[in-house]
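Trainee: Mind having a look at this structure? Questions to follow.
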Amino acid sequence: MTPFLSIVVALTSIVQASNNFHITVEPQSKHCFFEPMASGQKLGLSFQVFGGTNLDIDFWVTNPDELIVQSAFRTSTGSFVVDATKNGAYGYCISNMGHAGNVEKSVSFSVNGPDEQYKSAEKKAAGQKDQETVKGSLEAEIRELANTIQQVSDEQQYIRQRLLRHHMTAESTNSRVVYWTFFEGIMIAGVIGFQIFYITQFFNKTSRRMV
């Protein structure tokens, strides 16, 4: 296997290591998840709100000391890259507490953890005599590139969901406009008919009095 093909295999393994999830966050509730990390590792997170009123949510990341290190409030989408400064469990929470409307929100989020699949692929590559391992700065560049690719993929997924929602909203609005226009037409026709009938009756009564 050529060095270039080895890089492609490792890059594919990193991208596949990301996990995509969909959850429903009930009103006045939150969901928290934890990722064990060692110092020096990176955690990539991204989220998109695609269901519910206003499409906004609160999202924050905490370190092992339960201190918020990154956050985004009242927003529909966001991406984070967390650098672990110490060993421990890093948490990320999705909250729907205190928002107006008290409606549930549908959230899609992806997690790009410490690349377990990348490590297994690296061990497998090391066991093959005809394959060169990727080390040093090249590994870091591959991981950084994979994280960027995953963020682009997450953003494209969010755009597709947003376009679908906007399409559904436009279709619903068009249907309401058609129904309202039809109702207005009936009302106008009724008013015209009543006016014609009233004027006809008025002139008929006037003619009879004159006779």
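Letters A, B, ... mark the chains of the structure tokens in the order given; residue numbers begin at 1 per chain; ligand numbers begin at 1, in order shown.
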Would you list the contacts of range 81-98 of chain A as a ChimeraX atom specification, taking every protein, DNA or RNA residue within 6 Å and counting only C-alpha atoms, but skipping same-chain residues closer than 2 positions in sequence?
Mentor: /A:27-44,57-64
Trainee: Any chance you could export the current selection's N, CA, C and O atoms as a short mmCIF file (atom, residue, chain, number, x, y, z; two decimals), in the first residue's frame?
Mentor:
```cif
data_model
loop_
_atom_site.label_atom_id
_atom_site.label_comp_id
_atom_site.auth_asym_id
_atom_site.auth_seq_id
_atom_site.Cartn_x
_atom_site.Cartn_y
_atom_site.Cartn_z
N PRO A 27 -39.77 20.69 27.01
CA PRO A 27 -39.76 22.03 27.63
C PRO A 27 -39.23 21.97 29.06
O PRO A 27 -39.49 21.02 29.80
N GLN A 28 -38.46 22.98 29.43
CA GLN A 28 -37.90 23.12 30.77
C GLN A 28 -37.06 21.90 31.17
O GLN A 28 -37.14 21.41 32.30
N SER A 29 -36.28 21.39 30.24
CA SER A 29 -35.41 20.25 30.53
C SER A 29 -34.10 20.41 29.78
O SER A 29 -33.96 21.27 28.91
N LYS A 30 -33.13 19.56 30.15
CA LYS A 30 -31.84 19.58 29.48
C LYS A 30 -31.29 18.16 29.42
O LYS A 30 -31.67 17.30 30.22
N HIS A 31 -30.40 17.93 28.46
CA HIS A 31 -29.73 16.64 28.30
C HIS A 31 -28.22 16.90 28.31
O HIS A 31 -27.73 17.73 27.56
N CYS A 32 -27.51 16.15 29.14
CA CYS A 32 -26.05 16.29 29.24
C CYS A 32 -25.38 14.96 28.91
O CYS A 32 -25.89 13.89 29.26
N PHE A 33 -24.24 15.05 28.23
CA PHE A 33 -23.47 13.88 27.85
C PHE A 33 -22.00 14.14 28.23
O PHE A 33 -21.57 15.29 28.32
N PHE A 34 -21.25 13.05 28.43
CA PHE A 34 -19.88 13.19 28.89
C PHE A 34 -18.95 12.34 28.02
O PHE A 34 -19.30 11.24 27.58
N GLU A 35 -17.76 12.89 27.80
CA GLU A 35 -16.75 12.25 26.97
C GLU A 35 -15.44 12.20 27.75
O GLU A 35 -14.87 13.25 28.06
N PRO A 36 -14.95 11.00 28.10
CA PRO A 36 -13.65 10.93 28.79
C PRO A 36 -12.52 11.29 27.84
O PRO A 36 -12.44 10.77 26.72
N MET A 37 -11.64 12.17 28.27
CA MET A 37 -10.55 12.64 27.43
C MET A 37 -9.27 12.75 28.24
O MET A 37 -9.30 12.97 29.45
N ALA A 38 -8.17 12.60 27.53
CA ALA A 38 -6.86 12.80 28.13
C ALA A 38 -6.32 14.16 27.72
O ALA A 38 -6.74 14.75 26.72
N SER A 39 -5.41 14.66 28.50
CA SER A 39 -4.83 15.97 28.21
C SER A 39 -4.18 15.98 26.83
O SER A 39 -3.46 15.06 26.46
N GLY A 40 -4.49 17.02 26.05
CA GLY A 40 -3.94 17.14 24.71
C GLY A 40 -4.88 16.67 23.62
O GLY A 40 -4.65 16.97 22.44
N GLN A 41 -5.93 15.93 23.97
CA GLN A 41 -6.89 15.46 22.97
C GLN A 41 -7.88 16.56 22.63
O GLN A 41 -8.03 17.54 23.37
N LYS A 42 -8.57 16.38 21.51
CA LYS A 42 -9.54 17.37 21.06
C LYS A 42 -10.91 16.71 20.94
O LYS A 42 -11.03 15.53 20.62
N LEU A 43 -11.94 17.51 21.16
CA LEU A 43 -13.32 17.06 21.04
C LEU A 43 -14.05 18.03 20.13
O LEU A 43 -14.15 19.22 20.42
N GLY A 44 -14.55 17.53 19.01
CA GLY A 44 -15.31 18.35 18.07
C GLY A 44 -16.80 18.15 18.27
O GLY A 44 -17.28 17.02 18.30
N ILE A 57 -31.84 27.17 21.09
CA ILE A 57 -31.47 26.24 22.17
C ILE A 57 -30.25 26.80 22.88
O ILE A 57 -29.54 27.66 22.35
N ASP A 58 -29.98 26.30 24.09
CA ASP A 58 -28.76 26.64 24.82
C ASP A 58 -27.82 25.43 24.79
O ASP A 58 -28.26 24.29 24.97
N PHE A 59 -26.54 25.70 24.58
CA PHE A 59 -25.54 24.63 24.48
C PHE A 59 -24.28 25.09 25.18
O PHE A 59 -23.83 26.22 24.98
N TRP A 60 -23.72 24.22 26.02
CA TRP A 60 -22.47 24.59 26.67
C TRP A 60 -21.62 23.35 26.92
O TRP A 60 -22.12 22.22 26.95
N VAL A 61 -20.32 23.59 27.07
CA VAL A 61 -19.33 22.52 27.31
C VAL A 61 -18.65 22.79 28.63
O VAL A 61 -18.26 23.93 28.93
N THR A 62 -18.48 21.75 29.45
CA THR A 62 -17.84 21.89 30.75
C THR A 62 -16.59 21.02 30.81
O THR A 62 -16.49 19.98 30.15
N ASN A 63 -15.63 21.44 31.62
CA ASN A 63 -14.41 20.67 31.82
C ASN A 63 -14.59 19.71 33.01
O ASN A 63 -15.65 19.69 33.64
N PRO A 64 -13.58 18.92 33.34
CA PRO A 64 -13.73 17.99 34.47
C PRO A 64 -14.04 18.67 35.80
O PRO A 64 -14.54 18.01 36.72
#
```
Trainee: Need the shell around range 105-113 of chain A: protein/DNA/RNA residues with any atom at most 8 Å away, counting only C-alpha atoms. Skip same-chain ones fewer than 3 positions apart. Format as JSON, numbers by chain?
Mentor: {"A": [17, 18, 19, 20, 21, 22, 23, 24, 25, 26, 27, 35, 42, 43, 44, 45, 46, 47, 48, 49, 50, 51, 52, 53, 55, 57, 96, 116, 147, 154]}
Trainee: How many Å lie between CA of Asn102 in chain A and CA of Gln161 in chain A, rounded to one decimal?
Mentor: 22.1 Å
